[in-house]
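Everything below concerns the one structure shown next.
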Amino acid sequence: MDHNNGKDYKVINFIEKYGNKLPHPFILFNIFTIALIFTSYTLNQINFGVEDTLITNNFILVENLFSYLHMRKLIESMPDIYINFPSLRVVILMMMSIGVVEKVGFFNALMRKYLLGIPNSYLTAAFIFTAINANVMSDAGTIFAITMGGILFSSVGRNPKLGIIVGFAAASGGFTANIFVAGTDALLSGITQEALLAIDKKEIINPLCNYYFMVAATIVLTISLTIFTEKVISKVVDENNHKNLDILNSLKLTEEEKKGLKYSFYGLIFFLIIMGVLIYPENGFFRNSEGKFLPTSPLMSSITTIIFLLFSIIGIFYGIGKGVIKTTKDVANLFQEGIVQAAPLMVTLLSSSIFIYLLNKSNIFKVLSIKGAMLLKDLNVSSYLLLIMIILITTLINPIMTSGSTKWVLLAPMIVPMFNILGVSPAYAQLAFRIGDSATNIVSPLQPALPVVLGLLYQYQNEKKIKSNEILGVGSVFSLTLPYAIVILVSLITLMTIWYYLKLPIGPGVY
């Protein structure tokens with residue numbers, strides 16, 4: 001990508017040049033694994049360890065992974081290490097069900113129905129709310145938001161550049177927020193759970209562990225981004241007055257899609273009735289032995305399966321109503337497409353599962369976590385400041401390493417045990433990471449959606465809907481997305497601060 005040569009572009013050029021040199025995450029974790037093996041050997045030889053006065057009252061020494069014992073065990077156990085990796089098991093189920101609702105077109109139709117029925121005076125807020133929730137479709141959701149932003153704003157006589165930037169900021173920068181549960185929730189919670197094994201904790205971290213906060217964040221970001229867009233950015237971006245209602249008409253739902261949405265509503269009612277029968281009675285199927293749901297119960301440990309069934313039922317009912325599902329073979333094919341969509345992630349999880357397994361066996365991060373926890377305890381550093389530290393560290397790393405799962409695999413094995421030792425929920429550590437990982441997505445030259453943003457801007461400029469003398473490039477995009485990144489970061493940190501000090505649950509039973 002060619003950038004201008006001015007001083008303002010030097011940092012962008014530097015990040016892009018060296019960030020693109022990073023290998024694929026699958027290769028990256030293999031490199032980390034080799035480095036870990038030799039590091040463990042070196043640290044073991046110098047008797048690097050810690051006198052654990054917080055958990056076991058024993059001396060913990062770094063294990064030498066470069067030995068027959070550990071290498072034999074790795075080779076013998078590799079299939080089990082991979083198959084039993086929490087993220088893999090959860091992600092496969094989640095991606096299968098999300099794949100069904102996405103492939104039949106449910107999310108696309110639902111969001112178009114919602115947006116096209118909103119009065120123009122509420123369009124910005126409605127679009128931002130939709131764009132934030134579009135990230136349930138992962139990268140496809142970001143592309144959807146960017147594309148719809150240009151179309152919607154152009155159709156009502158506003159500058160399509162504004163719509164594209166707002167869609168990009170809300171969908172990619174607001175990645176932490178959502179009213180839906182997505183594959184990202186399953187992936188990160190699995191990594192968090194695996195990281196706890198470093199201190200021999202077998203706590204269940206389910207995909208809903210950050211859900212309450214995410215729903216609140218969706219509302220807060222919708223409000224803050226709407227106000228910022230209308231009061232600040234819209235004054236910077238020149239508006240136009242050329243309405244094009246033909247584009248909107250082409251996006252209206254077909255009769256088949258309307259029927260599909262009606263059927264999906266029937267599917268949702270059917271699911272809720274079944275869940276009510278299993279939950280409501282005092283001795284209900286999903287209640288624990290005391291007739292409750294918290295702190296643990298069959299309901300809490302079955303969250304992944306329940307979400308899988310919910311999305312599957314809605315997707316299948318929608319597909320039947322729309323006419324894209326006609327035989328049982330069509331249902332099986334849709335589940336298969338979901339697995340195909342998860343294939344790149346499954347490849348990366350092979351090397352990352354081995355890396356985390358060896359990391360736990362080496363005791364390196366266990367020793368560092370205990371040392372860090374002891375130091376922070378002596379310094380009397382509050383857990384709130386630790387959460388802010390995680391957010392800021394992640395924010396700085398994010399522009400050069402855009403994969404959230406890759407960053408969390410690297411950070412979680414030390415952060416999660418350290419926080420747990422200090423009495424902070426692993427889910428809170430994960431939440432702090434997600435806030436930092438979300439905000440600066442939109443100022444990374446490595447962001448996969450960036451070429452789409454630029455392509456659409458050039459397209460609208462050629463159509464005379466953006467001034468022909470206006471310079472469009474990475475720098476001009478980032479000059480608008482950087483303020484949005486700051487607003488998102490400040491909004492989410494403020495919300496987390498309120499949540500933390502009011503001791504509100506960030507997820508079911510998680511404080």
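Chain identifiers are assigned as A, B, and so on, following the order in which chains appear in the structure tokens; residues are numbered from 1 within each chain, and ligands are numbered from 1 in order of appearance.
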
Could you name the residues that touch Tyr211 of chain A at 12 Å or less, counting only C-alpha atoms, but leaving out those on the same chain fewer than 6 positions away, as a JSON list (two decimals) with all heavy atoms, in the first residue's frame?
[["chain", "number", "residue", "atom", "x", "y", "z"],
["A", 176, "THR", "N", -15.50, -5.30, 21.29],
["A", 176, "THR", "CA", -15.76, -5.84, 22.63],
["A", 176, "THR", "C", -17.25, -5.92, 22.91],
["A", 176, "THR", "O", -17.69, -6.75, 23.69],
["A", 176, "THR", "CB", -15.08, -4.95, 23.69],
["A", 176, "THR", "OG1", -13.68, -5.02, 23.52],
["A", 176, "THR", "CG2", -15.41, -5.41, 25.10],
["A", 177, "ALA", "N", -18.02, -5.04, 22.29],
["A", 177, "ALA", "CA", -19.44, -4.92, 22.60],
["A", 177, "ALA", "C", -20.29, -5.77, 21.65],
["A", 177, "ALA", "O", -19.97, -5.90, 20.47],
["A", 177, "ALA", "CB", -19.86, -3.47, 22.52],
["A", 178, "ASN", "N", -21.38, -6.33, 22.19],
["A", 178, "ASN", "CA", -22.33, -7.07, 21.36],
["A", 178, "ASN", "C", -23.48, -7.57, 22.22],
["A", 178, "ASN", "O", -23.27, -7.88, 23.39],
["A", 178, "ASN", "CB", -21.66, -8.27, 20.68],
["A", 178, "ASN", "CG", -22.26, -8.57, 19.32],
["A", 178, "ASN", "OD1", -23.47, -8.72, 19.21],
["A", 178, "ASN", "ND2", -21.43, -8.63, 18.30],
["A", 179, "ILE", "N", -24.68, -7.63, 21.65],
["A", 179, "ILE", "CA", -25.78, -8.24, 22.39],
["A", 179, "ILE", "C", -25.89, -9.72, 22.05],
["A", 179, "ILE", "O", -26.67, -10.44, 22.68],
["A", 179, "ILE", "CB", -27.12, -7.53, 22.10],
["A", 179, "ILE", "CG1", -27.48, -7.63, 20.61],
["A", 179, "ILE", "CG2", -27.08, -6.08, 22.54],
["A", 179, "ILE", "CD1", -28.88, -7.13, 20.29],
["A", 180, "PHE", "N", -25.11, -10.16, 21.05],
["A", 180, "PHE", "CA", -25.07, -11.57, 20.69],
["A", 180, "PHE", "C", -23.80, -12.21, 21.26],
["A", 180, "PHE", "O", -22.83, -11.53, 21.56],
["A", 180, "PHE", "CB", -25.08, -11.75, 19.16],
["A", 180, "PHE", "CG", -26.28, -11.19, 18.48],
["A", 180, "PHE", "CD1", -26.19, -10.02, 17.74],
["A", 180, "PHE", "CD2", -27.50, -11.82, 18.56],
["A", 180, "PHE", "CE1", -27.28, -9.49, 17.09],
["A", 180, "PHE", "CE2", -28.62, -11.30, 17.92],
["A", 180, "PHE", "CZ", -28.51, -10.13, 17.18],
["A", 181, "VAL", "N", -23.81, -13.52, 21.37],
["A", 181, "VAL", "CA", -22.61, -14.27, 21.75],
["A", 181, "VAL", "C", -21.96, -14.76, 20.46],
["A", 181, "VAL", "O", -22.64, -15.32, 19.60],
["A", 181, "VAL", "CB", -22.96, -15.47, 22.65],
["A", 181, "VAL", "CG1", -21.69, -16.22, 23.05],
["A", 181, "VAL", "CG2", -23.68, -14.98, 23.90],
["A", 182, "ALA", "N", -20.66, -14.53, 20.33],
["A", 182, "ALA", "CA", -19.97, -14.85, 19.07],
["A", 182, "ALA", "C", -18.86, -15.87, 19.29],
["A", 182, "ALA", "O", -18.56, -16.27, 20.42],
["A", 182, "ALA", "CB", -19.39, -13.57, 18.47],
["A", 184, "THR", "N", -15.78, -15.38, 19.05],
["A", 184, "THR", "CA", -14.69, -14.76, 19.81],
["A", 184, "THR", "C", -14.84, -15.03, 21.31],
["A", 184, "THR", "O", -13.86, -15.29, 22.01],
["A", 184, "THR", "CB", -14.65, -13.24, 19.57],
["A", 184, "THR", "OG1", -14.54, -12.99, 18.17],
["A", 184, "THR", "CG2", -13.48, -12.60, 20.29],
["A", 185, "ASP", "N", -16.07, -14.99, 21.80],
["A", 185, "ASP", "CA", -16.32, -15.26, 23.22],
["A", 185, "ASP", "C", -15.89, -16.68, 23.58],
["A", 185, "ASP", "O", -15.29, -16.91, 24.63],
["A", 185, "ASP", "CB", -17.81, -15.08, 23.52],
["A", 185, "ASP", "CG", -18.31, -13.69, 23.18],
["A", 185, "ASP", "OD1", -17.91, -12.74, 23.87],
["A", 185, "ASP", "OD2", -19.08, -13.56, 22.22],
["A", 186, "ALA", "N", -16.21, -17.60, 22.71],
["A", 186, "ALA", "CA", -15.85, -19.00, 22.95],
["A", 186, "ALA", "C", -14.34, -19.20, 22.91],
["A", 186, "ALA", "O", -13.76, -19.87, 23.76],
["A", 186, "ALA", "CB", -16.53, -19.89, 21.91],
["A", 189, "SER", "N", -12.52, -17.37, 26.01],
["A", 189, "SER", "CA", -12.81, -18.03, 27.29],
["A", 189, "SER", "C", -12.08, -19.36, 27.40],
["A", 189, "SER", "O", -11.64, -19.75, 28.49],
["A", 189, "SER", "CB", -14.32, -18.23, 27.46],
["A", 189, "SER", "OG", -14.84, -19.09, 26.46],
["A", 217, "ALA", "N", -21.97, -2.27, 27.17],
["A", 217, "ALA", "CA", -21.02, -1.56, 26.31],
["A", 217, "ALA", "C", -21.64, -1.24, 24.95],
["A", 217, "ALA", "O", -21.34, -0.20, 24.35],
["A", 217, "ALA", "CB", -19.76, -2.39, 26.13],
["A", 218, "THR", "N", -22.50, -2.11, 24.46],
["A", 218, "THR", "CA", -23.18, -1.87, 23.19],
["A", 218, "THR", "C", -24.02, -0.59, 23.26],
["A", 218, "THR", "O", -24.00, 0.25, 22.36],
["A", 218, "THR", "CB", -24.11, -3.06, 22.83],
["A", 218, "THR", "OG1", -23.34, -4.26, 22.80],
["A", 218, "THR", "CG2", -24.77, -2.85, 21.48],
["A", 303, "ILE", "N", -23.65, -23.79, 28.89],
["A", 303, "ILE", "CA", -23.86, -22.56, 28.11],
["A", 303, "ILE", "C", -23.48, -22.75, 26.64],
["A", 303, "ILE", "O", -24.23, -22.35, 25.73],
["A", 303, "ILE", "CB", -23.05, -21.39, 28.71],
["A", 303, "ILE", "CG1", -23.65, -20.94, 30.05],
["A", 303, "ILE", "CG2", -22.99, -20.22, 27.74],
["A", 303, "ILE", "CD1", -25.05, -20.37, 29.95],
["A", 427, "ALA", "N", -12.04, -13.75, 34.43],
["A", 427, "ALA", "CA", -12.95, -13.13, 33.46],
["A", 427, "ALA", "C", -12.74, -11.62, 33.39],
["A", 427, "ALA", "O", -12.90, -11.01, 32.33],
["A", 427, "ALA", "CB", -14.40, -13.44, 33.81],
["A", 428, "TYR", "N", -12.36, -11.00, 34.52],
["A", 428, "TYR", "CA", -12.08, -9.56, 34.53],
["A", 428, "TYR", "C", -10.80, -9.25, 33.76],
["A", 428, "TYR", "O", -10.70, -8.25, 33.05],
["A", 428, "TYR", "CB", -11.97, -9.03, 35.96],
["A", 428, "TYR", "CG", -13.02, -7.99, 36.29],
["A", 428, "TYR", "CD1", -13.94, -8.21, 37.30],
["A", 428, "TYR", "CD2", -13.09, -6.80, 35.58],
["A", 428, "TYR", "CE1", -14.92, -7.26, 37.59],
["A", 428, "TYR", "CE2", -14.06, -5.85, 35.87],
["A", 428, "TYR", "CZ", -14.97, -6.09, 36.87],
["A", 428, "TYR", "OH", -15.94, -5.15, 37.15],
["A", 430, "GLN", "N", -9.67, -11.02, 31.32],
["A", 430, "GLN", "CA", -10.04, -11.20, 29.91],
["A", 430, "GLN", "C", -10.79, -9.97, 29.40],
["A", 430, "GLN", "O", -10.57, -9.53, 28.26],
["A", 430, "GLN", "CB", -10.91, -12.44, 29.77],
["A", 430, "GLN", "CG", -11.44, -12.68, 28.36],
["A", 430, "GLN", "CD", -12.31, -13.91, 28.27],
["A", 430, "GLN", "OE1", -11.86, -15.02, 28.51],
["A", 430, "GLN", "NE2", -13.59, -13.73, 27.93],
["A", 431, "LEU", "N", -11.66, -9.41, 30.22],
["A", 431, "LEU", "CA", -12.42, -8.23, 29.83],
["A", 431, "LEU", "C", -11.50, -7.04, 29.57],
["A", 431, "LEU", "O", -11.66, -6.32, 28.57],
["A", 431, "LEU", "CB", -13.43, -7.87, 30.93],
["A", 431, "LEU", "CG", -14.22, -6.57, 30.71],
["A", 431, "LEU", "CD1", -15.07, -6.67, 29.45],
["A", 431, "LEU", "CD2", -15.09, -6.26, 31.92],
["A", 505, "PRO", "N", -21.95, -7.54, 38.31],
["A", 505, "PRO", "CA", -21.48, -8.74, 37.62],
["A", 505, "PRO", "C", -21.19, -8.46, 36.15],
["A", 505, "PRO", "O", -22.02, -7.83, 35.47],
["A", 505, "PRO", "CB", -22.64, -9.73, 37.78],
["A", 505, "PRO", "CG", -23.85, -8.86, 37.94],
["A", 505, "PRO", "CD", -23.37, -7.63, 38.67],
["A", 506, "ILE", "N", -20.05, -8.89, 35.65],
["A", 506, "ILE", "CA", -19.73, -8.70, 34.23],
["A", 506, "ILE", "C", -20.29, -9.84, 33.38],
["A", 506, "ILE", "O", -20.33, -9.76, 32.16],
["A", 506, "ILE", "CB", -18.21, -8.56, 34.00],
["A", 506, "ILE", "CG1", -17.46, -9.79, 34.51],
["A", 506, "ILE", "CG2", -17.68, -7.30, 34.66],
["A", 506, "ILE", "CD1", -15.99, -9.80, 34.17],
["A", 507, "GLY", "N", -20.69, -10.90, 34.05],
["A", 507, "GLY", "CA", -21.29, -12.06, 33.41],
["A", 507, "GLY", "C", -22.06, -12.82, 34.46],
["A", 507, "GLY", "O", -22.03, -12.44, 35.64],
["A", 508, "PRO", "N", -22.76, -13.89, 34.09],
["A", 508, "PRO", "CA", -23.52, -14.67, 35.09],
["A", 508, "PRO", "C", -22.63, -15.18, 36.22],
["A", 508, "PRO", "O", -21.75, -16.02, 36.02],
["A", 508, "PRO", "CB", -24.08, -15.85, 34.26],
["A", 508, "PRO", "CG", -24.10, -15.34, 32.86],
["A", 508, "PRO", "CD", -22.92, -14.43, 32.73],
["A", 509, "GLY", "N", -22.80, -14.62, 37.42],
["A", 509, "GLY", "CA", -22.05, -15.06, 38.58],
["A", 509, "GLY", "C", -20.61, -14.61, 38.63],
["A", 509, "GLY", "O", -19.83, -15.08, 39.47],
["A", 510, "VAL", "N", -20.22, -13.68, 37.73],
["A", 510, "VAL", "CA", -18.81, -13.22, 37.67],
["A", 510, "VAL", "C", -18.74, -11.77, 38.12],
["A", 510, "VAL", "O", -19.36, -10.88, 37.52],
["A", 510, "VAL", "CB", -18.26, -13.34, 36.22],
["A", 510, "VAL", "CG1", -16.79, -12.91, 36.20],
["A", 510, "VAL", "CG2", -18.40, -14.76, 35.72],
["A", 511, "TYR", "N", -17.95, -11.53, 39.19],
["A", 511, "TYR", "CA", -17.81, -10.18, 39.73],
["A", 511, "TYR", "C", -16.34, -9.72, 39.67],
["A", 511, "TYR", "O", -15.44, -10.53, 39.66],
["A", 511, "TYR", "CB", -18.30, -10.13, 41.17],
["A", 511, "TYR", "CG", -19.79, -10.32, 41.31],
["A", 511, "TYR", "CD1", -20.35, -11.59, 41.33],
["A", 511, "TYR", "CD2", -20.63, -9.22, 41.38],
["A", 511, "TYR", "CE1", -21.73, -11.75, 41.44],
["A", 511, "TYR", "CE2", -22.01, -9.38, 41.51],
["A", 511, "TYR", "CZ", -22.55, -10.66, 41.53],
["A", 511, "TYR", "OH", -23.91, -10.82, 41.65]]

query = Can you list, as a list of chain:residue names, every protein, DNA or RNA residue that comes within 7 Å of segment 348-356 of chain A when you count only C-alpha atoms, leaving out same-chain residues fewer than 6 positions away?
reply =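 After dropping sequence-adjacent residues, the list is A:Pro25, A:Phe26, A:Phe29, A:Asn30, A:Thr33, A:Ile81, A:Tyr82, A:Phe85, A:Leu88.
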
Contacts between segment 264-280 of chain A and segment 82-167 of chain A, please, where a residue of segment 82-167 of chain A counts if it comes within 12 Å (with only C-alpha atoms); show its shortest atom pair and distance in Å to one decimal, rows by chain and ascending number, as a tab-separated table.
residue	atom	partner	partner_atom	distance
A:Val101	CA	A:Ser264	CA	9.8
A:Val104	CA	A:Ser264	CA	11.2
A:Gly105	CA	A:Ser264	CA	11.5
A:Phe106	CA	A:Ser264	CA	8.3
A:Phe107	CA	A:Ser264	CA	11.0
A:Ala109	CA	A:Ser264	CA	11.3
A:Leu110	CA	A:Ser264	CA	10.2

Grab the residues selected above and save them as a short mmCIF file (atom, residue, chain, number, x, y, z; two decimals), in the first residue's frame with N, CA and C atoms.
data_model
loop_
_atom_site.label_atom_id
_atom_site.label_comp_id
_atom_site.auth_asym_id
_atom_site.auth_seq_id
_atom_site.Cartn_x
_atom_site.Cartn_y
_atom_site.Cartn_z
N VAL A 101 -26.59 -19.83 10.81
CA VAL A 101 -27.38 -18.60 10.74
C VAL A 101 -26.78 -17.58 9.77
N VAL A 104 -27.33 -18.98 5.85
CA VAL A 104 -28.69 -18.87 5.33
C VAL A 104 -29.11 -17.41 5.16
N GLY A 105 -28.29 -16.48 5.70
CA GLY A 105 -28.54 -15.06 5.52
C GLY A 105 -29.37 -14.42 6.61
N PHE A 106 -29.51 -15.09 7.76
CA PHE A 106 -30.35 -14.57 8.84
C PHE A 106 -29.85 -13.22 9.36
N PHE A 107 -28.57 -13.14 9.73
CA PHE A 107 -28.03 -11.91 10.30
C PHE A 107 -28.16 -10.74 9.31
N ALA A 109 -30.27 -10.34 6.81
CA ALA A 109 -31.67 -9.93 6.64
C ALA A 109 -32.18 -9.19 7.88
N LEU A 110 -31.83 -9.70 9.08
CA LEU A 110 -32.29 -9.07 10.32
C LEU A 110 -31.79 -7.63 10.42
#

Go through segment 82-179 of chain A residue by residue and, counting only C-alpha atoms, keep those with an atom at most 9 Å from segment 436-457 of chain A; for each kept residue give the shortest atom pair and its distance in Å to one decimal, ordered by chain and increasing number, as a tab-separated table.
residue	atom	partner	partner_atom	distance
A:Asp139	CA	A:Ala449	CA	7.7
A:Thr142	CA	A:Ala449	CA	7.2
A:Ile143	CA	A:Ala449	CA	6.7
A:Ile146	CA	A:Val453	CA	6.8
A:Thr147	CA	A:Leu456	CA	7.6
A:Gly150	CA	A:Leu456	CA	7.7
A:Pro160	CA	A:Leu457	CA	7.8
A:Lys161	CA	A:Leu457	CA	6.3
A:Ile164	CA	A:Val453	CA	6.8
A:Ile165	CA	A:Val453	CA	7.7
A:Phe168	CA	A:Ile442	CA	7.2
A:Ala169	CA	A:Ile442	CA	6.2
A:Ser172	CA	A:Asn441	CA	6.1
A:Gly173	CA	A:Ala439	CA	4.7
A:Gly174	CA	A:Ser438	CA	6.0
A:Phe175	CA	A:Ser438	CA	5.1
A:Thr176	CA	A:Ser438	CA	5.7
A:Ala177	CA	A:Ser438	CA	8.8

Within segment 455-498 of chain A, find each residue whose DSSP state, derived from the backbone, is helix (DSSP H, G or I), and express the selection as a compact mmCIF listing (two decimals) with N, CA, C and O atoms, in the first residue's frame.
# COMPACT_ATOMS: atom_id res chain seq x y z
N GLY A 455 -11.10 1.21 -0.86
CA GLY A 455 -11.74 0.89 -2.14
C GLY A 455 -13.09 1.55 -2.29
O GLY A 455 -13.43 2.11 -3.34
N LEU A 456 -13.88 1.53 -1.22
CA LEU A 456 -15.21 2.16 -1.25
C LEU A 456 -15.11 3.68 -1.35
O LEU A 456 -15.90 4.33 -2.04
N LEU A 457 -14.14 4.26 -0.66
CA LEU A 457 -13.95 5.71 -0.74
C LEU A 457 -13.61 6.14 -2.16
O LEU A 457 -14.15 7.13 -2.68
N TYR A 458 -12.71 5.38 -2.81
CA TYR A 458 -12.34 5.69 -4.20
C TYR A 458 -13.56 5.52 -5.12
O TYR A 458 -13.76 6.31 -6.05
N GLN A 459 -14.37 4.50 -4.85
CA GLN A 459 -15.55 4.25 -5.68
C GLN A 459 -16.52 5.42 -5.60
O GLN A 459 -17.01 5.91 -6.64
N TYR A 460 -16.79 5.89 -4.39
CA TYR A 460 -17.73 7.01 -4.23
C TYR A 460 -17.14 8.31 -4.77
O TYR A 460 -17.88 9.19 -5.23
N GLN A 461 -15.81 8.43 -4.75
CA GLN A 461 -15.18 9.62 -5.33
C GLN A 461 -15.35 9.60 -6.84
O GLN A 461 -15.63 10.63 -7.46
N ASN A 462 -15.20 8.42 -7.45
CA ASN A 462 -15.40 8.30 -8.90
C ASN A 462 -16.84 8.59 -9.29
O ASN A 462 -17.12 9.06 -10.40
N VAL A 474 -4.47 6.16 3.53
CA VAL A 474 -4.45 5.60 4.88
C VAL A 474 -4.41 6.70 5.92
O VAL A 474 -5.10 6.65 6.93
N GLY A 475 -3.60 7.74 5.65
CA GLY A 475 -3.48 8.84 6.59
C GLY A 475 -4.79 9.57 6.80
O GLY A 475 -5.16 9.93 7.92
N SER A 476 -5.54 9.79 5.70
CA SER A 476 -6.82 10.50 5.82
C SER A 476 -7.85 9.65 6.56
O SER A 476 -8.70 10.18 7.29
N VAL A 477 -7.77 8.33 6.38
CA VAL A 477 -8.67 7.43 7.12
C VAL A 477 -8.33 7.46 8.61
O VAL A 477 -9.20 7.63 9.47
N PHE A 478 -7.04 7.32 8.92
CA PHE A 478 -6.62 7.27 10.33
C PHE A 478 -6.83 8.61 11.05
O PHE A 478 -7.00 8.65 12.25
N SER A 479 -6.81 9.71 10.28
CA SER A 479 -7.07 11.01 10.91
C SER A 479 -8.49 11.08 11.46
O SER A 479 -8.78 11.85 12.37
N LEU A 480 -9.39 10.26 10.90
CA LEU A 480 -10.77 10.20 11.39
C LEU A 480 -10.98 9.04 12.37
O LEU A 480 -11.77 9.16 13.32
N THR A 481 -10.29 7.92 12.16
CA THR A 481 -10.51 6.76 13.04
C THR A 481 -9.78 6.89 14.37
O THR A 481 -10.22 6.32 15.37
N LEU A 482 -8.66 7.64 14.40
CA LEU A 482 -7.93 7.81 15.66
C LEU A 482 -8.81 8.49 16.72
O LEU A 482 -8.86 8.02 17.87
N PRO A 483 -9.51 9.59 16.39
CA PRO A 483 -10.42 10.16 17.39
C PRO A 483 -11.49 9.17 17.85
O PRO A 483 -11.85 9.13 19.03
N TYR A 484 -12.00 8.35 16.91
CA TYR A 484 -12.98 7.34 17.29
C TYR A 484 -12.37 6.32 18.25
O TYR A 484 -13.01 5.87 19.20
N ALA A 485 -11.11 5.93 18.00
CA ALA A 485 -10.43 4.97 18.87
C ALA A 485 -10.32 5.51 20.29
O ALA A 485 -10.51 4.78 21.27
N ILE A 486 -10.02 6.80 20.39
CA ILE A 486 -9.90 7.44 21.71
C ILE A 486 -11.26 7.45 22.41
O ILE A 486 -11.36 7.15 23.61
N VAL A 487 -12.31 7.80 21.67
CA VAL A 487 -13.66 7.83 22.25
C VAL A 487 -14.07 6.44 22.73
O VAL A 487 -14.63 6.28 23.84
N ILE A 488 -13.79 5.42 21.91
CA ILE A 488 -14.13 4.04 22.28
C ILE A 488 -13.37 3.62 23.54
O ILE A 488 -13.95 3.05 24.48
N LEU A 489 -12.07 3.91 23.57
CA LEU A 489 -11.24 3.52 24.71
C LEU A 489 -11.70 4.21 25.99
O LEU A 489 -11.87 3.56 27.03
N VAL A 490 -11.93 5.51 25.91
CA VAL A 490 -12.39 6.27 27.09
C VAL A 490 -13.76 5.79 27.55
O VAL A 490 -14.01 5.62 28.75
N SER A 491 -14.66 5.53 26.59
CA SER A 491 -16.01 5.08 26.94
C SER A 491 -15.98 3.74 27.66
O SER A 491 -16.65 3.56 28.69
N LEU A 492 -15.18 2.81 27.13
CA LEU A 492 -15.14 1.46 27.72
C LEU A 492 -14.42 1.45 29.07
O LEU A 492 -14.81 0.72 29.99
N ILE A 493 -13.35 2.25 29.18
CA ILE A 493 -12.65 2.33 30.47
C ILE A 493 -13.55 2.96 31.53
O ILE A 493 -13.60 2.50 32.68
N THR A 494 -14.28 3.99 31.14
CA THR A 494 -15.21 4.63 32.06
C THR A 494 -16.29 3.66 32.52
O THR A 494 -16.62 3.56 33.71
N LEU A 495 -16.84 2.90 31.55
CA LEU A 495 -17.85 1.91 31.89
C LEU A 495 -17.29 0.83 32.80
O LEU A 495 -17.94 0.43 33.78
N MET A 496 -16.07 0.36 32.51
CA MET A 496 -15.46 -0.67 33.36
C MET A 496 -15.21 -0.14 34.77
O MET A 496 -15.37 -0.85 35.76
N THR A 497 -14.81 1.14 34.87
CA THR A 497 -14.57 1.76 36.18
C THR A 497 -15.85 1.78 37.02
O THR A 497 -15.84 1.41 38.19
N ILE A 498 -16.95 2.19 36.38
CA ILE A 498 -18.25 2.21 37.08
C ILE A 498 -18.63 0.79 37.49
O ILE A 498 -19.05 0.54 38.62

message = Neighbouring residues of Met414 of chain A were defined as those with any atom within 8 Å, considering only C-alpha atoms; residues of the same chain fewer than 6 positions away were excluded. Please report them as an NGL selection string.
response = :A and (195 or 365-366 or 368-369)

inquiry  = Report as a count of residues only all protein, DNA and RNA residues lying within 10 Å of Leu376 of chain A, evaluated on only C-alpha atoms, omitting residues in the same chain fewer than 6 positions from it.
reply    = 6

query = Could you state the separation of atom CA of Gly190 of chain A and atom CA of Gly338 of chain A in Å, given to one decimal place?
reply = 18.9 Å

key: Among the residues A:Asn58, A:Ser362, A:Asn398, A:Thr296, the one that comes closest to Leu43 of chain A [using only C-alpha atoms]   =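 Checking each candidate against Leu43 of chain A, we get A:Ser362 as the closest.
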
query = For the atom pair atom CA of Phe59 of chain A and atom CA of Tyr41 of chain A, what is the interatomic distance in Å to one decimal place?
reply =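 Between atom CA of Phe59 of chain A and atom CA of Tyr41 of chain A the gap is 17.8 Å.
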
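Between atom CA of Lys73 of chain A and atom CA of Ser40 of chain A lies a distance of 16.0 Å.
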